[in-house]
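Trainee: First the structure, then my questions, so here it is.
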Amino acid sequence: MEHQPPPFFKRGPAPLVRLAFFASLSVALLVIDARFRYAEALRSALAAAAYPLQSIAAAPGRFLERISGFFTSQSALLGENAELRSRLLAASLQALRYEAAAAETEQLRRLIGAAERLPFAATPVEALYSGRDPFARKLIVDKGTAQGIRAGQAVVDELGVVGQVTRAHPMAAEITLLTDKDHAIPVQVLRTGLRAVAFGAGASGTLELRFMAANAEIQNGDQLVTSGIDGTYPPGLPVASVVRIERDAAYAFARIVCQPAAGVERNRYLLVLANEPKRLALPDDAESERKAVKGKRRRKDGADGG
Amino acid sequence: MAVRSEPHPQHILLPVRVTTVVASFAFALFVNFLPWRDPALAPDFVALVLAFWCVRQPRLVGLGIGWLLGLLTDAGSGVLLGQHALAYSMLAFGALTLSRRIQWFPMTQQALHVALLLVAAQMVAIVVRMAAGADFPGWRLLVGPLLGAALWPALTFVLLIPQRRSVEIDETRPI
């Protein structure tokens, strides 16, 4: 090729060169994000740019809800009202008993010199949409660091734990649900006090108790609550109930499948528990060591606790 | 393929306006952010619109825009940064390569070409996630791209509406 194309045909670098450039840029970003988590500032900026579209995208659902609410029949409303009233009655009865029990516990804890448990504030949030990622169970909600939401806070609904805030952007936050494959939560069997760690099972929408001995004291229908020893989840929140136990003589561990107590993949309105409950101070050497590794294993904190 | 005796009529279109392109990308992102019931089966509209503009306007839309859209999608849906960026820039490259050829085919065969592109882009995303340690989520993940390719004729019709001339037939006018 001796002749050069006229300058008005110039179109910059060849497509293959551009592809190599952008592909290597993407791979570099992938490695930085997956291995080191250094790209959070860029991610926050991009998420802020995408936020207007996300909030608009949640609008049609809200609009439909309002329309269907307008046409709800009176009998349905009356029925719902009656049901809510009966639930309120039951709940307030429980609350009365709870207050008495909490005062008693507080007194006992003071007697034995244990740290007092602080009440935690809660921020109500609304789910914008579930992350469009078939590999993970995530939820994007409509409040972020501007409203005091931080990564690592627990998320609940009226029935139990839903998940954990894993990323907080200025206007939105990302919640990893209990059923996500990478999510672990330390639990306790309410009946026996046995401690375990529940892992998400991914697409099936269930949880799994791993590494439980085949002869562990656990049975179908057992309630699991958070044990609180990870410092992320406050103790005593309902997590799941055991639905199936498979004990196989060939394996050392039983396979225990649990159904989440909360409407993990259904609810639109959730609560983010704002304050971390008080925990014992770490020794000085452990504190400095913990600070050094904190960035790397912020999410895995729960898994090591149990 | 044999040369057809009566070729597909090629309409002369008005030049594209940048606002049309930007609006179509914004709308595609909006549709992708809608709460889909099953994300594995939902077609990826951003990929589809990107392929469309890369085929129709290869000088205006290319790899850079695909890469940026991919980053926005990544941050918006909370996946690994760069996953969609890589997939979309490869998709844009494929569409640019096909852009001279694809428009001579009838609509169904164009859709087949696009199906190949979309499936390849999805496979890139799957490979990236599996390299990062995820399980293979099953072959139904390929249903979304195929549905997207089936939407190609409708998408072409809709996105070309702003560029169509008024349909007043004037015998004295040369074009």
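Quick note on naming: the chains in the structure tokens go A, B, ... in the order shown, residues restart at 1 in each chain, and ligands are numbered from 1 in order of appearance.
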Kindly provide the residues of chain A that approach chain B to within 6 Å, each paired with its closest atom pair and their distance in Å to one decimal, based on only C-alpha atoms, listed by chain and increasing number, as CSV.
Mentor:
residue,atom,partner,partner_atom,distance
A:Ala23,CA,B:Leu86,CA,5.6
A:Ser26,CA,B:Gly82,CA,4.7
A:Leu29,CA,B:Gly82,CA,5.6
A:Leu30,CA,B:Gly82,CA,5.1
A:Arg43,CA,B:Ala75,CA,5.5
A:Leu46,CA,B:Ala75,CA,5.8
A:Ala47,CA,B:Ala75,CA,5.2
A:Ala50,CA,B:Gly76,CA,5.8
A:Leu53,CA,B:Phe30,CA,5.5
A:Gln54,CA,B:Phe33,CA,5.8
A:Ala57,CA,B:Leu34,CA,5.1
A:Tyr129,CA,B:Pro35,CA,5.0
A:Gly131,CA,B:Ser77,CA,4.8
A:Arg132,CA,B:Pro39,CA,5.4
A:Pro134,CA,B:Ala40,CA,5.6
Trainee: Please provide the set of residues having any atom within 12 Å of Pro170 of chain A, restricted to only C-alpha atoms, with same-chain residues fewer than 3 positions apart removed, written as a ChimeraX atom specification.
Mentor: /A:40-41,43-51,141-151,167,173-174
Trainee: Among segment 126-267 of chain A, which ones does DSSP assign to strand (DSSP E) (computed from the backbone)? Answer as a VMD selection string.
Mentor: chain A and resid 126 to 130 138 to 141 154 to 156 161 to 168 173 to 177 184 to 189 195 to 200 207 to 213 223 to 226 238 to 246 253 to 260
Trainee: Produce a file of the selected residues containing C-alpha atoms, as a PDB file, in the first residue's frame.
Mentor:
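This went into selection.pdb:
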ATOM      1  CA  GLU A 126     -38.006   1.356  49.740  1.00  0.00           C
ATOM      2  CA  ALA A 127     -36.602  -1.118  47.235  1.00  0.00           C
ATOM      3  CA  LEU A 128     -36.030   0.477  43.828  1.00  0.00           C
ATOM      4  CA  TYR A 129     -35.325  -2.728  41.963  1.00  0.00           C
ATOM      5  CA  SER A 130     -33.502  -5.995  42.302  1.00  0.00           C
ATOM      6  CA  LYS A 138     -29.132  -8.058  45.468  1.00  0.00           C
ATOM      7  CA  LEU A 139     -31.525  -5.205  45.981  1.00  0.00           C
ATOM      8  CA  ILE A 140     -31.057  -1.497  45.339  1.00  0.00           C
ATOM      9  CA  VAL A 141     -32.907   0.782  47.780  1.00  0.00           C
ATOM     10  CA  ALA A 154     -28.352  -5.012  58.906  1.00  0.00           C
ATOM     11  CA  VAL A 155     -31.630  -4.885  56.967  1.00  0.00           C
ATOM     12  CA  VAL A 156     -34.868  -6.349  58.332  1.00  0.00           C
ATOM     13  CA  VAL A 161     -33.612 -10.411  58.753  1.00  0.00           C
ATOM     14  CA  VAL A 162     -33.507  -9.666  55.013  1.00  0.00           C
ATOM     15  CA  GLY A 163     -29.807  -9.033  54.471  1.00  0.00           C
ATOM     16  CA  GLN A 164     -26.995  -6.572  54.829  1.00  0.00           C
ATOM     17  CA  VAL A 165     -26.001  -3.270  53.204  1.00  0.00           C
ATOM     18  CA  THR A 166     -22.890  -4.066  51.170  1.00  0.00           C
ATOM     19  CA  ARG A 167     -22.411  -0.782  49.318  1.00  0.00           C
ATOM     20  CA  ALA A 168     -23.690   2.663  50.169  1.00  0.00           C
ATOM     21  CA  ALA A 173     -27.584   1.593  48.660  1.00  0.00           C
ATOM     22  CA  GLU A 174     -27.042  -1.989  47.642  1.00  0.00           C
ATOM     23  CA  ILE A 175     -28.356  -4.758  49.871  1.00  0.00           C
ATOM     24  CA  THR A 176     -27.070  -8.309  49.625  1.00  0.00           C
ATOM     25  CA  LEU A 177     -29.932 -10.637  50.492  1.00  0.00           C
ATOM     26  CA  ALA A 184     -23.175 -15.828  55.579  1.00  0.00           C
ATOM     27  CA  ILE A 185     -24.942 -15.014  58.823  1.00  0.00           C
ATOM     28  CA  PRO A 186     -24.160 -16.391  62.306  1.00  0.00           C
ATOM     29  CA  VAL A 187     -27.277 -17.919  63.840  1.00  0.00           C
ATOM     30  CA  GLN A 188     -28.394 -19.723  66.925  1.00  0.00           C
ATOM     31  CA  VAL A 189     -31.066 -22.401  67.248  1.00  0.00           C
ATOM     32  CA  ARG A 195     -24.630 -21.892  67.219  1.00  0.00           C
ATOM     33  CA  ALA A 196     -24.164 -22.229  63.475  1.00  0.00           C
ATOM     34  CA  VAL A 197     -23.535 -20.223  60.328  1.00  0.00           C
ATOM     35  CA  ALA A 198     -26.236 -20.004  57.667  1.00  0.00           C
ATOM     36  CA  PHE A 199     -25.099 -19.574  54.063  1.00  0.00           C
ATOM     37  CA  GLY A 200     -27.259 -18.423  51.182  1.00  0.00           C
ATOM     38  CA  LEU A 207     -30.444 -20.974  53.351  1.00  0.00           C
ATOM     39  CA  GLU A 208     -28.135 -23.810  54.272  1.00  0.00           C
ATOM     40  CA  LEU A 209     -26.446 -24.625  57.572  1.00  0.00           C
ATOM     41  CA  ARG A 210     -23.036 -25.937  56.651  1.00  0.00           C
ATOM     42  CA  PHE A 211     -20.539 -27.849  58.750  1.00  0.00           C
ATOM     43  CA  MET A 212     -23.088 -29.140  61.229  1.00  0.00           C
ATOM     44  CA  ALA A 213     -22.258 -32.589  62.555  1.00  0.00           C
ATOM     45  CA  GLN A 223     -36.371 -21.447  64.616  1.00  0.00           C
ATOM     46  CA  LEU A 224     -33.017 -19.806  63.906  1.00  0.00           C
ATOM     47  CA  VAL A 225     -32.237 -16.335  65.269  1.00  0.00           C
ATOM     48  CA  THR A 226     -29.149 -14.156  64.896  1.00  0.00           C
ATOM     49  CA  PRO A 238     -35.522 -14.203  63.481  1.00  0.00           C
ATOM     50  CA  VAL A 239     -33.612 -15.496  60.444  1.00  0.00           C
ATOM     51  CA  ALA A 240     -35.093 -18.758  59.212  1.00  0.00           C
ATOM     52  CA  SER A 241     -36.716 -22.027  60.134  1.00  0.00           C
ATOM     53  CA  VAL A 242     -35.400 -25.493  59.352  1.00  0.00           C
ATOM     54  CA  VAL A 243     -37.427 -27.236  56.660  1.00  0.00           C
ATOM     55  CA  ARG A 244     -35.349 -30.258  55.682  1.00  0.00           C
ATOM     56  CA  ILE A 245     -32.521 -32.262  57.212  1.00  0.00           C
ATOM     57  CA  GLU A 246     -30.670 -34.881  55.214  1.00  0.00           C
ATOM     58  CA  PHE A 253     -21.939 -33.260  57.978  1.00  0.00           C
ATOM     59  CA  ALA A 254     -25.706 -33.108  57.729  1.00  0.00           C
ATOM     60  CA  ARG A 255     -27.333 -31.148  54.931  1.00  0.00           C
ATOM     61  CA  ILE A 256     -29.754 -28.710  56.563  1.00  0.00           C
ATOM     62  CA  VAL A 257     -32.022 -26.553  54.428  1.00  0.00           C
ATOM     63  CA  CYS A 258     -33.805 -23.553  55.968  1.00  0.00           C
ATOM     64  CA  GLN A 259     -36.542 -21.246  54.755  1.00  0.00           C
ATOM     65  CA  PRO A 260     -35.983 -17.529  55.494  1.00  0.00           C
TER      66      PRO A 260
END
Trainee: Please identify which residues in segment 3-47 of chain B DSSP calls helix (DSSP H, G or I) from the backbone, and express them as number ranges by chain.
Mentor: B: 18-33, 45-47
Trainee: Would you save the residues from that selection as a PDB file, in the first residue's frame, using C-alpha atoms?
Mentor:
ATOM      1  CA  VAL B  18     -27.640  13.096  18.014  1.00  0.00           C
ATOM      2  CA  THR B  19     -30.572  13.729  20.345  1.00  0.00           C
ATOM      3  CA  THR B  20     -32.323  10.675  18.897  1.00  0.00           C
ATOM      4  CA  VAL B  21     -29.314   8.494  19.673  1.00  0.00           C
ATOM      5  CA  VAL B  22     -28.910   9.873  23.199  1.00  0.00           C
ATOM      6  CA  ALA B  23     -32.624   9.562  23.919  1.00  0.00           C
ATOM      7  CA  SER B  24     -32.705   5.970  22.674  1.00  0.00           C
ATOM      8  CA  PHE B  25     -29.766   5.019  24.929  1.00  0.00           C
ATOM      9  CA  ALA B  26     -31.373   6.731  27.935  1.00  0.00           C
ATOM     10  CA  PHE B  27     -34.637   4.919  27.241  1.00  0.00           C
ATOM     11  CA  ALA B  28     -32.833   1.572  26.900  1.00  0.00           C
ATOM     12  CA  LEU B  29     -31.072   2.097  30.237  1.00  0.00           C
ATOM     13  CA  PHE B  30     -34.416   3.005  31.777  1.00  0.00           C
ATOM     14  CA  VAL B  31     -36.021  -0.188  30.453  1.00  0.00           C
ATOM     15  CA  ASN B  32     -33.103  -2.241  31.775  1.00  0.00           C
ATOM     16  CA  PHE B  33     -33.502  -0.697  35.226  1.00  0.00           C
ATOM     17  CA  PHE B  45     -32.093  -3.455  25.621  1.00  0.00           C
ATOM     18  CA  VAL B  46     -28.909  -1.436  25.996  1.00  0.00           C
ATOM     19  CA  ALA B  47     -26.970  -4.110  24.100  1.00  0.00           C
TER      20      ALA B  47
END
Trainee: Which residues come within 6 Å of Leu147 of chain B, counting only C-alpha atoms, excluding same-chain residues fewer than 3 positions away, as a ChimeraX atom specification?
Mentor: /B:43,144,150
Trainee: Can you list, as a ChimeraX atom specification, every protein, DNA or RNA residue that comes within 12 Å of Arg17 of chain B when you count only C-alpha atoms, leaving out same-chain residues fewer than 6 positions away?
Mentor: /B:23-24,53,57,60,159-163
Trainee: What does the structure give for the distance between atom CA of His3 of chain A and atom CA of Pro15 of chain A, in Å to one decimal?
Mentor: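 We find that atom CA of His3 of chain A and atom CA of Pro15 of chain A lie 20.6 Å from each other.
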Trainee: Which residues, written as a compact mmCIF listing (two decimals) with N, CA and C atoms, in the first residue's frame, have at least one atom at most 10 Å from Ala203 of chain A, with only C-alpha atoms counted and residues fewer than 4 positions away on the same chain left out?
Mentor:
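And here's out-v4.txt as it stands now:
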# COMPACT_ATOMS: atom_id res chain seq x y z
N PRO A 134 -28.12 -12.25 37.24
CA PRO A 134 -28.62 -13.59 37.58
C PRO A 134 -27.68 -14.36 38.49
N PHE A 135 -26.47 -13.84 38.75
CA PHE A 135 -25.51 -14.57 39.57
C PHE A 135 -25.68 -14.28 41.05
N ALA A 136 -26.30 -13.16 41.39
CA ALA A 136 -26.33 -12.74 42.79
C ALA A 136 -27.72 -12.30 43.17
N ARG A 137 -27.98 -12.26 44.48
CA ARG A 137 -29.26 -11.79 45.00
C ARG A 137 -29.03 -10.44 45.64
N THR A 179 -30.15 -14.79 50.83
CA THR A 179 -30.08 -15.96 49.97
C THR A 179 -28.93 -15.89 48.97
N ASP A 180 -28.16 -14.78 48.99
CA ASP A 180 -27.02 -14.68 48.07
C ASP A 180 -25.99 -15.75 48.40
N LYS A 181 -25.33 -16.23 47.36
CA LYS A 181 -24.41 -17.35 47.55
C LYS A 181 -23.21 -16.97 48.41
N PRO B 137 -24.78 -20.28 35.85
CA PRO B 137 -26.19 -20.15 36.24
C PRO B 137 -27.16 -20.89 35.33
Trainee: Quote the spacing between atom CA of Ser55 of chain A and atom CA of Thr156 of chain B in Å to one decimal place.
Mentor: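 A separation of 27.7 Å between them.
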